[in-house]
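Structure below is model10.csv: CSV, C-alpha atoms.
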chain,number,residue,atom,x,y,z
W,1,MET,CA,-10.0,-103.0,26.0
W,2,ALA,CA,-7.4,-103.3,28.7
W,3,VAL,CA,-3.9,-102.0,28.0
W,4,GLY,CA,-1.8,-104.5,26.2
W,5,ASP,CA,-4.3,-107.3,26.1
W,6,SER,CA,-4.0,-107.8,22.4
W,7,ASP,CA,-2.1,-110.9,21.5
W,8,THR,CA,-2.1,-110.0,17.8
W,9,THR,CA,0.3,-107.1,18.3
W,10,PRO,CA,3.3,-107.6,16.1
W,11,ASP,CA,6.3,-108.3,18.2
W,12,THR,CA,9.6,-108.9,16.6
W,13,ALA,CA,11.8,-108.7,19.7
W,14,PRO,CA,13.8,-111.9,20.1
W,15,GLY,CA,12.3,-114.6,22.3
W,16,THR,CA,8.9,-112.9,22.6
W,17,ARG,CA,6.8,-115.1,20.3
W,18,ARG,CA,4.6,-116.6,23.0
W,19,PRO,CA,1.2,-115.1,22.7
W,20,GLY,CA,-0.6,-115.3,26.1
W,21,GLY,CA,2.6,-116.4,27.7
W,22,ARG,CA,4.8,-114.6,30.2
W,23,THR,CA,6.0,-112.0,27.7
W,24,ALA,CA,2.4,-110.9,26.9
W,25,ARG,CA,1.6,-110.8,30.7
W,26,ASN,CA,4.8,-108.8,31.3
W,27,ARG,CA,3.8,-106.3,28.6
W,28,GLU,CA,0.3,-105.9,30.1
W,29,ALA,CA,1.8,-105.4,33.6
W,30,VAL,CA,4.4,-102.9,32.4
W,31,LEU,CA,1.9,-100.8,30.4
W,32,GLU,CA,-0.7,-100.8,33.2
W,33,ALA,CA,2.0,-99.7,35.7
W,34,ALA,CA,3.3,-97.0,33.4
W,35,LEU,CA,-0.3,-95.6,32.9
W,36,GLU,CA,-0.9,-95.6,36.7
W,37,LEU,CA,2.4,-93.9,37.4
W,38,LEU,CA,1.9,-91.2,34.7
W,39,SER,CA,-1.5,-90.5,36.3
W,40,GLU,CA,-0.1,-90.3,39.8
W,41,LEU,CA,3.3,-88.8,39.4
W,42,GLY,CA,3.3,-87.1,36.0
W,43,TYR,CA,5.6,-87.6,33.1
W,44,ALA,CA,8.8,-86.1,34.5
W,45,ALA,CA,8.8,-88.1,37.7
W,46,THR,CA,8.0,-91.5,36.2
W,47,CYS,CA,11.1,-93.6,35.7
W,48,VAL,CA,11.9,-97.1,34.6
W,49,GLN,CA,12.7,-98.2,38.1
W,50,ASP,CA,9.2,-97.1,39.4
W,51,ILE,CA,7.6,-99.0,36.5
W,52,ALA,CA,9.7,-102.1,37.3
W,53,ASN,CA,8.7,-101.9,41.0
W,54,ARG,CA,5.0,-101.4,40.3
W,55,SER,CA,4.7,-104.0,37.5
W,56,LYS,CA,7.0,-106.6,39.2
W,57,VAL,CA,8.9,-106.9,35.9
W,58,ALA,CA,12.7,-106.6,36.2
W,59,ALA,CA,14.1,-103.2,35.1
W,60,SER,CA,16.6,-105.0,33.0
W,61,THR,CA,13.7,-106.7,31.1
W,62,ILE,CA,12.1,-103.3,30.6
W,63,TYR,CA,15.3,-101.7,29.3
W,64,ARG,CA,15.9,-104.7,27.0
W,65,ARG,CA,12.4,-104.7,25.5
W,66,TRP,CA,11.5,-100.9,25.4
W,67,GLY,CA,14.9,-99.2,25.6
W,68,ASN,CA,13.8,-96.5,28.1
W,69,ARG,CA,10.8,-94.8,29.7
W,70,ASP,CA,9.7,-93.1,26.4
W,71,GLY,CA,9.7,-96.5,24.7
W,72,VAL,CA,7.2,-97.7,27.2
W,73,ILE,CA,5.1,-94.6,26.7
W,74,LEU,CA,5.1,-95.0,22.9
W,75,ASP,CA,4.0,-98.6,23.3
W,76,LEU,CA,1.2,-97.4,25.6
W,77,ALA,CA,0.2,-94.8,23.0
W,78,GLN,CA,0.1,-97.4,20.3
W,79,THR,CA,-2.6,-99.4,22.2
W,80,LEU,CA,-4.6,-96.2,22.2
W,81,VAL,CA,-4.3,-95.7,18.5
W,82,ALA,CA,-5.6,-99.3,18.0
W,83,GLU,CA,-8.8,-98.5,19.9
W,84,PRO,CA,-11.8,-97.8,17.8
W,85,ALA,CA,-13.3,-94.3,17.8
W,86,GLY,CA,-16.8,-93.8,19.2
W,87,ALA,CA,-19.9,-92.9,17.2
W,88,LEU,CA,-19.6,-89.5,15.4
W,89,PRO,CA,-22.1,-86.7,15.8
W,90,ASP,CA,-24.5,-86.5,12.9
W,91,THR,CA,-27.0,-83.7,13.5
W,92,GLY,CA,-27.2,-82.6,9.8
W,93,ASP,CA,-25.5,-79.3,10.7
W,94,LEU,CA,-21.7,-78.9,10.3
W,95,GLU,CA,-21.3,-76.3,13.1
W,96,ARG,CA,-23.3,-78.3,15.6
W,97,ASP,CA,-21.4,-81.5,14.7
W,98,LEU,CA,-18.1,-79.7,15.2
W,99,ALA,CA,-19.2,-78.3,18.5
W,100,LEU,CA,-20.1,-81.8,19.7
W,101,LEU,CA,-16.8,-83.2,18.3
W,102,GLY,CA,-14.9,-80.5,20.2
W,103,GLN,CA,-16.5,-81.7,23.4
W,104,VAL,CA,-15.4,-85.2,22.6
W,105,ILE,CA,-11.8,-84.0,22.1
W,106,VAL,CA,-11.9,-82.2,25.4
W,107,ASP,CA,-13.3,-85.3,27.1
W,108,VAL,CA,-10.4,-87.4,25.7
W,109,MET,CA,-7.9,-84.9,27.0
W,110,SER,CA,-9.4,-85.0,30.4
W,111,SER,CA,-9.9,-88.7,30.6
W,112,PRO,CA,-7.6,-90.7,32.9
W,113,ARG,CA,-6.1,-92.7,30.0
W,114,GLY,CA,-6.2,-90.6,26.9
W,115,GLY,CA,-5.2,-87.4,28.6
W,116,VAL,CA,-2.3,-88.8,30.6
W,117,VAL,CA,-0.8,-90.6,27.6
W,118,GLN,CA,-1.3,-87.7,25.3
W,119,SER,CA,0.2,-85.2,27.7
W,120,ALA,CA,3.2,-87.5,28.3
W,121,LEU,CA,3.7,-87.6,24.5
W,122,VAL,CA,3.5,-83.8,24.2
W,123,ALA,CA,6.2,-83.6,26.9
W,124,ALA,CA,8.3,-86.3,25.4
W,125,GLY,CA,7.9,-84.9,21.9
W,126,VAL,CA,9.6,-81.7,22.8
W,127,ASP,CA,12.9,-83.6,22.8
W,128,SER,CA,12.2,-86.8,21.0
W,129,PRO,CA,11.5,-87.1,17.3
W,130,THR,CA,10.1,-90.6,17.9
W,131,ALA,CA,7.6,-89.3,20.4
W,132,ARG,CA,6.7,-86.4,18.1
W,133,LYS,CA,6.0,-88.9,15.3
W,134,THR,CA,3.9,-91.1,17.5
W,135,LEU,CA,1.9,-88.1,18.8
W,136,ALA,CA,1.3,-86.9,15.2
W,137,GLN,CA,0.3,-90.4,14.2
W,138,ILE,CA,-2.3,-90.6,17.0
W,139,VAL,CA,-3.7,-87.2,16.3
W,140,ASN,CA,-3.7,-87.8,12.5
W,141,ARG,CA,-5.5,-91.1,13.1
W,142,ARG,CA,-8.2,-89.3,15.1
W,143,VAL,CA,-8.5,-86.7,12.3
W,144,GLU,CA,-9.0,-89.6,9.8
W,145,ASP,CA,-11.6,-91.2,12.1
W,146,THR,CA,-13.6,-88.0,12.4
W,147,LYS,CA,-13.3,-86.2,9.0
W,148,LEU,CA,-16.5,-88.0,7.9
W,149,ILE,CA,-18.3,-85.1,9.7
W,150,ALA,CA,-16.9,-82.7,7.1
W,151,GLU,CA,-17.4,-85.1,4.3
W,152,ARG,CA,-21.1,-85.4,5.1
W,153,ALA,CA,-21.3,-81.5,4.9
W,154,ILE,CA,-19.6,-81.7,1.5
W,155,GLU,CA,-22.1,-84.3,0.3
W,156,ARG,CA,-25.1,-82.2,1.6
W,157,GLY,CA,-23.7,-79.3,-0.4
W,158,ASP,CA,-23.3,-77.2,2.7
W,159,VAL,CA,-19.6,-76.9,2.0
W,160,PRO,CA,-17.9,-76.5,-1.4
W,161,ALA,CA,-16.6,-79.6,-3.2
W,162,GLY,CA,-12.8,-79.6,-3.0
W,163,THR,CA,-12.8,-78.7,0.7
W,164,ASP,CA,-10.2,-80.8,2.5
W,165,ALA,CA,-12.1,-82.5,5.3
W,166,ARG,CA,-8.9,-82.9,7.4
W,167,HIS,CA,-8.4,-79.1,7.3
W,168,VAL,CA,-11.9,-78.7,8.7
W,169,ILE,CA,-11.2,-81.0,11.6
W,170,ASN,CA,-7.8,-79.4,12.3
W,171,THR,CA,-9.3,-75.9,12.2
W,172,LEU,CA,-11.6,-77.0,15.1
W,173,ALA,CA,-9.0,-79.0,17.0
W,174,ALA,CA,-6.1,-76.5,16.9
W,175,PRO,CA,-7.6,-73.9,19.2
W,176,ILE,CA,-8.6,-76.7,21.6
W,177,TYR,CA,-5.1,-78.0,21.9
W,178,HIS,CA,-3.7,-74.5,22.0
W,179,ARG,CA,-6.0,-73.5,24.9
W,180,TRP,CA,-5.1,-76.7,26.8
W,181,TYR,CA,-1.4,-77.1,26.3
W,182,ILE,CA,-0.3,-73.5,25.7
W,183,GLY,CA,-2.9,-71.5,27.5
W,184,GLY,CA,-3.0,-74.1,30.3
W,185,GLU,CA,-6.8,-74.1,30.6
W,186,ARG,CA,-9.7,-76.4,29.6
W,187,PRO,CA,-11.8,-74.6,26.9
W,188,THR,CA,-15.2,-73.5,28.1
W,189,THR,CA,-18.4,-74.5,26.3
W,190,GLU,CA,-18.6,-70.9,24.9
W,191,GLU,CA,-15.1,-71.2,23.5
W,192,LEU,CA,-15.9,-74.6,21.9
W,193,HIS,CA,-18.9,-73.0,20.2
W,194,ARG,CA,-16.7,-70.2,18.9
W,195,TYR,CA,-14.1,-72.6,17.5
W,196,ALA,CA,-16.8,-74.7,15.8
W,197,ARG,CA,-18.4,-71.5,14.4
W,198,VAL,CA,-15.1,-70.3,13.0
W,199,ALA,CA,-14.2,-73.8,11.5
W,200,ALA,CA,-17.7,-74.2,9.9
W,201,HIS,CA,-17.7,-70.7,8.5
W,202,ALA,CA,-14.2,-71.1,7.0
W,203,ALA,CA,-15.3,-74.4,5.4
W,204,ARG,CA,-18.6,-72.9,4.0
W,205,SER,CA,-16.6,-69.9,2.6
W,206,GLY,CA,-14.3,-72.3,0.7
W,207,LEU,CA,-11.2,-71.3,2.7
W,208,LEU,CA,-10.3,-74.9,3.6
W,209,SER,CA,-9.6,-76.5,0.2
Z,1,MET,CA,20.0,-58.4,25.8
Z,2,ALA,CA,22.1,-61.2,27.3
Z,3,VAL,CA,20.3,-63.6,29.6
Z,4,GLY,CA,20.0,-62.2,33.1
Z,5,ASP,CA,22.1,-59.1,32.5
Z,6,SER,CA,19.4,-56.9,34.1
Z,7,ASP,CA,20.3,-55.6,37.5
Z,8,THR,CA,16.8,-54.2,37.9
Z,9,THR,CA,15.2,-57.6,38.2
Z,10,PRO,CA,13.4,-57.8,41.5
Z,11,ASP,CA,15.1,-60.3,43.7
Z,12,THR,CA,13.8,-61.0,47.1
Z,13,ALA,CA,15.8,-64.0,48.1
Z,14,PRO,CA,17.8,-63.4,51.3
Z,15,GLY,CA,21.3,-62.1,50.9
Z,16,THR,CA,21.0,-61.4,47.2
Z,17,ARG,CA,20.7,-57.6,47.2
Z,18,ARG,CA,24.0,-56.9,45.5
Z,19,PRO,CA,23.3,-55.7,41.9
Z,20,GLY,CA,26.3,-56.3,39.7
Z,21,GLY,CA,27.9,-58.4,42.4
Z,22,ARG,CA,28.5,-62.1,42.7
Z,23,THR,CA,24.8,-63.0,42.9
Z,24,ALA,CA,24.0,-61.2,39.7
Z,25,ARG,CA,27.0,-62.8,38.0
Z,26,ASN,CA,25.9,-66.2,39.3
Z,27,ARG,CA,22.4,-65.7,38.0
Z,28,GLU,CA,23.7,-64.8,34.5
Z,29,ALA,CA,26.0,-67.8,34.5
Z,30,VAL,CA,23.3,-70.2,35.6
Z,31,LEU,CA,20.7,-68.9,33.0
Z,32,GLU,CA,23.3,-69.0,30.2
Z,33,ALA,CA,24.3,-72.5,31.1
Z,34,ALA,CA,20.7,-73.7,31.3
Z,35,LEU,CA,19.9,-72.2,27.9
Z,36,GLU,CA,23.0,-73.8,26.3
Z,37,LEU,CA,22.2,-77.2,27.9
Z,38,LEU,CA,18.5,-77.1,26.8
Z,39,SER,CA,19.7,-76.4,23.3
Z,40,GLU,CA,22.3,-79.2,23.3
Z,41,LEU,CA,20.6,-81.9,25.4
Z,42,GLY,CA,16.9,-81.1,25.4
Z,43,TYR,CA,14.6,-80.6,28.3
Z,44,ALA,CA,14.4,-84.1,29.7
Z,45,ALA,CA,18.2,-84.6,29.8
Z,46,THR,CA,19.1,-81.2,31.4
Z,47,CYS,CA,19.6,-81.5,35.1
Z,48,VAL,CA,20.8,-79.2,37.9
Z,49,GLN,CA,24.2,-80.9,38.2
Z,50,ASP,CA,24.9,-80.2,34.5
Z,51,ILE,CA,23.9,-76.6,35.0
Z,52,ALA,CA,26.2,-76.4,38.0
Z,53,ASN,CA,29.1,-77.9,36.1
Z,54,ARG,CA,28.6,-75.7,33.1
Z,55,SER,CA,28.0,-72.5,35.0
Z,56,LYS,CA,30.6,-73.2,37.7
Z,57,VAL,CA,28.0,-72.2,40.3
Z,58,ALA,CA,27.6,-74.8,43.1
Z,59,ALA,CA,24.6,-77.1,42.7
Z,60,SER,CA,23.7,-76.3,46.3
Z,61,THR,CA,23.4,-72.6,45.4
Z,62,ILE,CA,21.2,-73.4,42.5
Z,63,TYR,CA,18.9,-75.6,44.6
Z,64,ARG,CA,18.8,-72.9,47.3
Z,65,ARG,CA,17.9,-70.1,44.9
Z,66,TRP,CA,15.8,-71.8,42.2
Z,67,GLY,CA,14.5,-74.9,43.9
Z,68,ASN,CA,15.0,-77.2,41.0
Z,69,ARG,CA,15.6,-77.4,37.2
Z,70,ASP,CA,12.1,-76.0,36.4
Z,71,GLY,CA,12.7,-73.1,38.7
Z,72,VAL,CA,15.8,-72.2,36.5
Z,73,ILE,CA,13.8,-72.6,33.3
Z,74,LEU,CA,11.0,-70.4,34.6
Z,75,ASP,CA,13.5,-67.7,35.5
Z,76,LEU,CA,15.0,-68.0,32.0
Z,77,ALA,CA,11.5,-67.6,30.6
Z,78,GLN,CA,10.9,-64.5,32.6
Z,79,THR,CA,13.9,-62.8,31.0
Z,80,LEU,CA,12.3,-63.5,27.7
Z,81,VAL,CA,9.0,-62.0,28.7
Z,82,ALA,CA,10.9,-58.9,29.7
Z,83,GLU,CA,12.3,-58.4,26.2
Z,84,PRO,CA,10.6,-55.9,24.0
Z,85,ALA,CA,8.6,-57.1,21.0
Z,86,GLY,CA,9.9,-56.1,17.5
Z,87,ALA,CA,8.1,-53.8,15.1
Z,88,LEU,CA,4.6,-55.0,14.1
Z,89,PRO,CA,3.6,-55.5,10.4
Z,90,ASP,CA,1.4,-52.7,9.2
Z,91,THR,CA,0.5,-53.2,5.6
Z,92,GLY,CA,-3.0,-51.8,5.8
Z,93,ASP,CA,-4.5,-55.3,5.2
Z,94,LEU,CA,-5.4,-57.5,8.1
Z,95,GLU,CA,-4.8,-60.8,6.3
Z,96,ARG,CA,-1.4,-59.8,5.1
Z,97,ASP,CA,-0.4,-58.4,8.5
Z,98,LEU,CA,-1.5,-61.7,10.1
Z,99,ALA,CA,0.5,-63.8,7.6
Z,100,LEU,CA,3.6,-61.7,8.4
Z,101,LEU,CA,2.9,-62.1,12.2
Z,102,GLY,CA,2.6,-65.9,11.6
Z,103,GLN,CA,6.0,-65.9,10.1
Z,104,VAL,CA,7.4,-64.0,13.2
Z,105,ILE,CA,5.8,-66.6,15.5
Z,106,VAL,CA,7.4,-69.4,13.6
Z,107,ASP,CA,10.7,-67.6,13.6
Z,108,VAL,CA,10.6,-67.2,17.4
Z,109,MET,CA,9.7,-71.0,17.7
Z,110,SER,CA,12.7,-71.9,15.6
Z,111,SER,CA,15.1,-69.4,17.2
Z,112,PRO,CA,17.9,-70.8,19.4
Z,113,ARG,CA,16.6,-68.9,22.5
Z,114,GLY,CA,12.9,-68.5,22.2
Z,115,GLY,CA,12.2,-71.9,20.8
Z,116,VAL,CA,14.3,-73.8,23.3
Z,117,VAL,CA,12.8,-72.1,26.3
Z,118,GLN,CA,9.3,-72.2,25.0
Z,119,SER,CA,9.6,-76.0,24.2
Z,120,ALA,CA,11.0,-76.6,27.6
Z,121,LEU,CA,8.0,-74.8,29.2
Z,122,VAL,CA,5.6,-76.8,27.1
Z,123,ALA,CA,7.2,-80.0,28.3
Z,124,ALA,CA,7.4,-78.8,31.9
Z,125,GLY,CA,3.8,-77.5,31.8
Z,126,VAL,CA,2.5,-81.0,31.2
Z,127,ASP,CA,3.2,-81.8,34.8
Z,128,SER,CA,3.8,-78.5,36.5
Z,129,PRO,CA,1.0,-75.9,37.1
Z,130,THR,CA,3.7,-73.2,37.7
Z,131,ALA,CA,5.3,-73.9,34.3
Z,132,ARG,CA,1.9,-73.9,32.7
Z,133,LYS,CA,1.2,-70.5,34.3
Z,134,THR,CA,4.5,-69.1,33.1
Z,135,LEU,CA,4.0,-70.4,29.6
Z,136,ALA,CA,0.5,-68.9,29.5
Z,137,GLN,CA,1.9,-65.6,30.8
Z,138,ILE,CA,4.5,-65.5,28.0
Z,139,VAL,CA,2.1,-66.3,25.3
Z,140,ASN,CA,-0.5,-63.9,26.6
Z,141,ARG,CA,2.1,-61.2,26.8
Z,142,ARG,CA,2.9,-61.8,23.1
Z,143,VAL,CA,-0.8,-61.6,22.3
Z,144,GLU,CA,-1.1,-58.3,24.1
Z,145,ASP,CA,2.0,-57.0,22.3
Z,146,THR,CA,0.6,-57.9,18.9
Z,147,LYS,CA,-3.1,-57.4,19.1
Z,148,LEU,CA,-2.6,-53.8,17.8
Z,149,ILE,CA,-2.7,-55.5,14.3
Z,150,ALA,CA,-6.3,-56.4,14.9
Z,151,GLU,CA,-7.1,-53.1,16.6
Z,152,ARG,CA,-5.9,-51.2,13.5
Z,153,ALA,CA,-8.2,-53.3,11.4
Z,154,ILE,CA,-11.1,-52.3,13.7
Z,155,GLU,CA,-10.2,-48.6,13.5
Z,156,ARG,CA,-10.0,-48.9,9.6
Z,157,GLY,CA,-13.5,-50.4,9.7
Z,158,ASP,CA,-12.3,-53.6,8.1
Z,159,VAL,CA,-13.5,-55.6,11.1
Z,160,PRO,CA,-16.7,-55.0,13.1
Z,161,ALA,CA,-16.4,-52.9,16.3
Z,162,GLY,CA,-16.7,-55.2,19.3
Z,163,THR,CA,-14.3,-57.7,17.8
Z,164,ASP,CA,-11.9,-59.0,20.5
Z,165,ALA,CA,-8.4,-58.3,19.1
Z,166,ARG,CA,-6.9,-61.1,21.3
Z,167,HIS,CA,-9.3,-63.7,19.7
Z,168,VAL,CA,-8.0,-62.6,16.3
Z,169,ILE,CA,-4.4,-63.2,17.3
Z,170,ASN,CA,-5.2,-66.5,18.9
Z,171,THR,CA,-7.1,-67.7,15.9
Z,172,LEU,CA,-4.0,-67.2,13.9
Z,173,ALA,CA,-1.6,-68.5,16.5
Z,174,ALA,CA,-3.5,-71.7,17.5
Z,175,PRO,CA,-3.0,-73.7,14.3
Z,176,ILE,CA,0.7,-72.7,14.2
Z,177,TYR,CA,1.3,-74.1,17.7
Z,178,HIS,CA,-0.8,-77.1,16.9
Z,179,ARG,CA,1.2,-77.8,13.8
Z,180,TRP,CA,4.4,-77.5,15.7
Z,181,TYR,CA,3.8,-79.1,19.0
Z,182,ILE,CA,1.2,-81.7,18.1
Z,183,GLY,CA,1.7,-82.3,14.4
Z,184,GLY,CA,5.5,-82.2,14.9
Z,185,GLU,CA,6.1,-80.0,11.9
Z,186,ARG,CA,7.1,-76.5,11.0
Z,187,PRO,CA,4.1,-74.8,9.2
Z,188,THR,CA,4.8,-74.2,5.5
Z,189,THR,CA,4.3,-70.7,4.0
Z,190,GLU,CA,1.2,-72.0,2.3
Z,191,GLU,CA,-0.2,-73.1,5.7
Z,192,LEU,CA,0.6,-69.8,7.3
Z,193,HIS,CA,-1.3,-68.1,4.5
Z,194,ARG,CA,-4.3,-70.3,5.1
Z,195,TYR,CA,-4.3,-69.7,8.9
Z,196,ALA,CA,-4.1,-65.9,8.2
Z,197,ARG,CA,-7.0,-66.1,5.7
Z,198,VAL,CA,-9.2,-68.0,8.1
Z,199,ALA,CA,-8.5,-65.7,11.0
Z,200,ALA,CA,-9.0,-62.5,9.0
Z,201,HIS,CA,-12.2,-63.9,7.4
Z,202,ALA,CA,-13.6,-64.9,10.8
Z,203,ALA,CA,-12.8,-61.4,12.2
Z,204,ARG,CA,-14.4,-59.6,9.2
Z,205,SER,CA,-17.5,-61.8,9.5
Z,206,GLY,CA,-17.9,-60.7,13.1
Z,207,LEU,CA,-17.3,-64.2,14.6
Z,208,LEU,CA,-14.5,-63.1,17.0
Z,209,SER,CA,-16.4,-60.7,19.3
In structure tokens, what does this structure look like?
Amino acid sequence: MAVGDSDTTPDTAPGTRRPGGRTARNREAVLEAALELLSELGYAATCVQDIANRSKVAASTIYRRWGNRDGVILDLAQTLVAEPAGALPDTGDLERDLALLGQVIVDVMSSPRGGVVQSALVAAGVDSPTARKTLAQIVNRRVEDTKLIAERAIERGDVPAGTDARHVINTLAAPIYHRWYIGGERPTTEELHRYARVAAHAARSGLLS
Amino acid sequence: MAVGDSDTTPDTAPGTRRPGGRTARNREAVLEAALELLSELGYAATCVQDIANRSKVAASTIYRRWGNRDGVILDLAQTLVAEPAGALPDTGDLERDLALLGQVIVDVMSSPRGGVVQSALVAAGVDSPTARKTLAQIVNRRVEDTKLIAERAIERGDVPAGTDARHVINTLAAPIYHRWYIGGERPTTEELHRYARVAAHAARSGLLS
């Protein structure tokens, strides 16, 4: 779906209840402009005036509706949360499913949209509790969307009942994020396999209840 | 040690070879001011002009010597890398040592100095390859300084020979950073114990070679 093309988004700002009207078109233009600028200039260099110039929406309108740059980025992030997750790996083997999921996480991080917005939230989140909350919400939503991988392993009896499926996903995801945002490098396939092996082994050993 | 009080720091900028002189005093004042402002205002809101006002060093001098705000933050970070690590836990049990180390990592993240600078680097690193490199350097240095914990476990025969001690430390550290910078929350003691258990178990099972 294109950024901001949902007319069903709740919108309580005064004077904005015109689905498909100028307000909706403005929102779409602003979010698209913000995404482009984040990709081109990075988080620190993207400012409201640039977004206004690119989107042809007045800066005063942007400040009124979104408050500031981070408000625009949070709105952009919300459109990502609303997107449906893709099909989950289901090979019948937890470790193999986790390795495939790890690849999907890396692909999202490196994608022009997901990666740019997520990185901007990580940067914004260092200062802003609201951005931290949005980032946590996005990541938790992805955990909820993918924990079925671990639940299937529990159903198959490969992993003890009482295992917390979210811990399994987080045990895989944590070293991927760590490698990317702290180590500054994209995890290699070999590393992804090691992370999947550690997470699957911890789950099977009953350490993730 | 106080920020920037080392006169032995290599300094190759022209006209700066006066240890203990005005240049050294300026550096100390600028780094202290930057640290204070990062603590008070956060990364995004800290700018060179504020640092100049607080340190009473001319903005033009700061631009000439450090290039920009991130240059100051990187220099500040370098003073942290140069600080010696504290005594390592040595209980004779890998899992217990790792849980204690996890507490130290959390303490550094929540400390006024380490936490503020590290968070600023995470934010800066989203856009800047130089900041990413400095952050990775700081974190890798800490891994090198603490991997003795895992090496002792190898020597005791608790963990198979051929285990990579750095992988053991990173398996502990990754979920701590993930919880903090992505989940937006300080890990609880219970979580730290789980992370330590998973890392120690993976090491003992020979998964971290």
For chain W, report every residue with an atom at most 9 Å from chain Z (counting all atoms listed in the file), formatted as number ranges by chain. W: 41-45, 119-120, 122-129, 132-133, 135-137, 139-140, 170-171, 173-179, 181-185, 194-195, 197-199, 201-202, 205, 207-208
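The two atoms in question, CA of Gly206 in chain Z and CA of Ala161 in chain Z, are spaced 8.6 Å apart.
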So what do you get for CA of Arg166 in chain W versus CA of Gly102 in chain W, distance-wise? 14.3 Å
Distance in Å - CA of Pro187 in chain W versus CA of Val106 in chain W: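 Going from CA of Pro187 in chain W over to CA of Val106 in chain W, I get 7.7 Å.
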Mind checking which residues fall within 9 Å of range 48-56 of chain W, counting all atoms listed in the file, ignoring those fewer than 2 positions away in the same chain, and posting them as a list of chain:residue names? W:Asn26, W:Glu28, W:Ala29, W:Val30, W:Leu31, W:Glu32, W:Ala33, W:Ala34, W:Leu37, W:Thr46, W:Ala58, W:Ala59, W:Ser60, W:Thr61, W:Ile62, W:Tyr63, W:Asn68, W:Arg69, W:Val72
Z:Ile154, Z:Val159, Z:Leu80, Z:Leu100: which is nearest Gly115 in chain Z, counting only C-alpha atoms?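 Result for the nearest residue to Gly115 in chain Z: Z:Leu80.
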Residues within 9 Å of Pro89 in chain W, all atoms listed in the file, excluding chain neighbours under 5 positions, as a list in words: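 Everything that qualifies: Arg96, Asp97, Leu98, Leu100, Leu101 and Ile149 of chain W.
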